[in-house]
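Working notes, structure below.
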Amino acid sequence: MEEGSSFQDLFANLLRKLKDADKVAYVSEHFTPAHNVDDMFSFLWSLEEAHQLLTPRISRAEKSETKAEKFRAEGNKCYQKKLLDKALELYNQSIVFAPHPEIKIEKCPDGKINTTSNERQEDLVSEGQGTSCCTSEKEEGYKALTLGYANRSAVLFELGQYEKCICDIDYALLHGYPKILHSKLAERKAKCLIALQRRNEAKSLIESSLEALDALALDEEKTKLSRSNLQSLSQQLDKKFIDIHPNTKYKLLFSFENPSPPKLSDHNPTIPALSRSVDLAFSSTQGRYLIANKDIKPGDVIAVEDAYSKVVHLDSSLHNHCTECLARCLTPVPCPICSKVIFCSAACRMRALASYHGPECDILTSLAVLDIGKNSVLACRIISQTTFSQLKNVVPVYLAESAEKPPASLGFDGAGKYISSDYRTIYHLVGNKQSRSVSDLFKRCAMAFVLVKLLEQTSRFFVDAAGVAFTPSVGDIILTGSTLFIHMMNLPCNAHSVTEFRININNYQQSVTSEIGCGAYGVMSLTNHSCNPAAARFTFGATEVLKAVRFIPAGTEVTDSYGEHYCVQREESRIASLLQQYYFKCACEPCRHHWPTYCGLLEECMLKCVSCNNPIDFIGGKCSKCNLDYTKTSRSEKFNVITYNWMEVVVQLKRIKEEFDLAYKGVIAGNNSTENINKLCEFIEFIDRYVQQPCKQYFEAQETLKHCFDRQASSCLVSG
């Protein structure tokens with residue numbers, strides 16, 4: 001195998017080899033829906049050709065002082081030219097590639113994480129508790145790292161990112177920034193403290209730094225400038241205003257939001273990530289689905305769920321999003337081992353190293369080279385996070401549950417709870433094995449094979465409960481491979497994208513959603529699809545929030561979109577796409593009634609009959625099909641509905657339409673106010689109650705509402 005081959009290349013070579021050996025039919029016999037996953041993976045593992053052609057080589061993203069120095073030198077040139085955004089990017093790369101002190105993480109018997117003293121100090125830096133400018137943990141040894149942090153702090157100071165500047169100064173000192181240069185950092189840190197209105201801290205820092213200069217016992221000429229600058233700054237402390245002006249040219253660089261998600265006001269008693277207003281239901285045709293047990297209004301929060309596992313895509317997103325929390329991060333802290341990922345804080349780094357990043361640290365570069373697909377990367381993250389030790393304990397239990405429990409109850413624990421942090425909710429997600437072709441099963445099994453080969457080559461996955469590495473038995477390999485095979489089938493049908501909203505401040509209508517990763521969400525996967533969805537998902541870091549985007553009456557289904565929408569795709573295309581990936585023929589309302597796409601929708605709003613949804617004849621005031629009277633409000637015993645006075649509703653529609661128009665204009669002008677959002681929700685609910693679907697203005701209102709909710713979630717500002 002040539003180093004750098006993609007999975008598609010490896011797989012094509014295997015197929016060619018099997019064809020040349022006239023073994024295609026023989027192999028195909030072992031990959032049918034009737035075979036269980038253990039048997040299929042076990043057969044492939046026994047195939048000599050598979051080991052010859054599906055064994056990738058490990059490509060590590062190692063640290064490099066040479067690269068770190070190169071990036072820092074390029075960053076210095078950009079800094080001198082005041083190209084601050086480019087300088088920041090280059091200093092980030094320098095820090096990522098710089099050799100880093102080891103971080104030892106041990107799990108205590110109580111489950112808490114114990115770290116080295118150096119890492120605990122880094123936690124204090126991340127929390128803003130700082131490090132003295134007069135001391136350092138190490139004098140030398142990590143020069144590239146300390147200089148990277150120090151130089152980046154200069155950029156951050158000019159950008160007015162004073163808190164982040166202080167953190168970088170403290171990191172530089174922690175890792176051994178030369179004592180002779182401490183006074184330069186002390187001056188910069190003092191200016192940051194002054195800008196943050198923390199003058200007493202600035203005064204103490206200046207005094208201690210002047211004392212430290214004396215203690216160095218250097219020639220006066222060598223300390224004259226530093227001493228003069230610190231003394232001058234000290235004298236300015238008594239002034240009411242001190243002239244510190246950040247560079248405003250790059251004001252959008254740090255204009256991004258990583259907000260906290262909203263809270264559920266009341267939880268479902270058995271599925272805590274769900275609202276109490278929603279129940280789980282099951283039918284033989286729909287499988288599991290969510291149903292409203294009370295009226296749900298547009299904008300109501302239906303579910304809030306943290307991912308069981310999530311990944312940043314192995315593309316440019318990897319350079320500016322934390323691999324642990326997926327938040328945008330422009331001042332990252334590095335992995336101590338590899339140069340592939342970044343973290344937004346020492347706390348996120350510690351959680352990742354104590355969980356999944358140890359096993360995957362050696363193989364991320366190989367996964368990127370293989371280009372094996374985002375779901376394969378997520379599957380690898382899932383089992384790395386779960387750990388082999390836990391897999392060995394729980395997979396036999398889950399297999400027994402699959403055989404013994406009814407489908408409606410899979411994923412629930414022994415206490416009858418469906419908990420998002422429980423691996424069983426992900427393991428039991430539907431994979432549609434019975435509907436898959438021989439070729440599809442074989443290819444997905446081959447993907448699992450390649451992942452096992454990677455994990456086998458690192459010494460950090462096959463470890464016992466004490467963390468000691470061992471050589472896996474064939475049984476261990478089959479357990480791991482068959483579990484990955486399951487995820488190769490259930491993730492394409494259930495994984496959800498993790499997004500970031502890019503807000504165009506020059507034209508809010510051109511704002512776009514960008515996919516930066518994906519995650520496994522056990523509760524979000526319980527929603528069924530509709531081409532006219534009742535709800536939509538919004539991303540807050542790695543947390544998904546499901547909100548209603550139309551009025552959902554009690555007793556009706558809460559649906560989401562799997563990517564297809566009646567307004568943007570033709571019916572034939574939607575049905576074919578859903579059938580290919582999700583193995584069902586869509587029978588939602590737009591597909592059953594052949595709704596047109598956006599261009600074919602009517603501009604006018606037609607009032608509907610509450611019984612049959614047909615339009616009302618305004619001349620006679622009756623429904624032409626049901627003959628229900630809409631000249632007054634009355635109850636129909638025959639149809640068990642309450643009609644309305646169409647003339648009164650028309651007056652209400654005119655008023656609410658005018659309010660919607662004003663809210664719409666406000667939103668596209670950048671006003672994302674609660675008042676505008678409420679007006680959008682009111683208009684959508686009114687249309688749902690009284691107007692025949694499909695309706696162009698209704699779709700526009702929904703899209704505007706989703707824009708508003710996207711702006712409240714993870715987002716960043718762009719100028720074009």
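Each chain in the structure tokens gets a letter, A, B, ..., in the order shown, and its residues are numbered from 1; ligands are numbered from 1 in order too.
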Contact residues around stretch 261-263 of chain A with only C-alpha atoms at 12 Å, ignoring same-chain residues under 6 positions, as a VMD selection string: chain A and resid 272 to 275 299 to 306 537 to 547 709 to 710 712 to 714
Residue contacts of A:Val568 (7 Å, only C-alpha atoms) excluding same-chain residues fewer than 2 positions away, as a list in words: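 Those residues are His565, Tyr566, Arg570, Thr597 and Tyr598 of chain A.
Closest approach to A:Leu193 among A:Gly621, A:Pro56, A:Pro332, A:Gly160: A:Gly160, based on only C-alpha atoms.
Between atom CA of A:Ala292 and atom CA of A:Phe551 the interatomic distance comes to 10.7 Å.
Between atom CA of A:Ala536 and atom CA of A:Ala548 there is a distance of 6.5 Å.
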Nearest residue to A:Ser94 from the set A:Asn393, A:Asn613, A:Ser64, A:Gln80 (distances using only C-alpha atoms):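 Result for the nearest residue to A:Ser94: A:Ser64.
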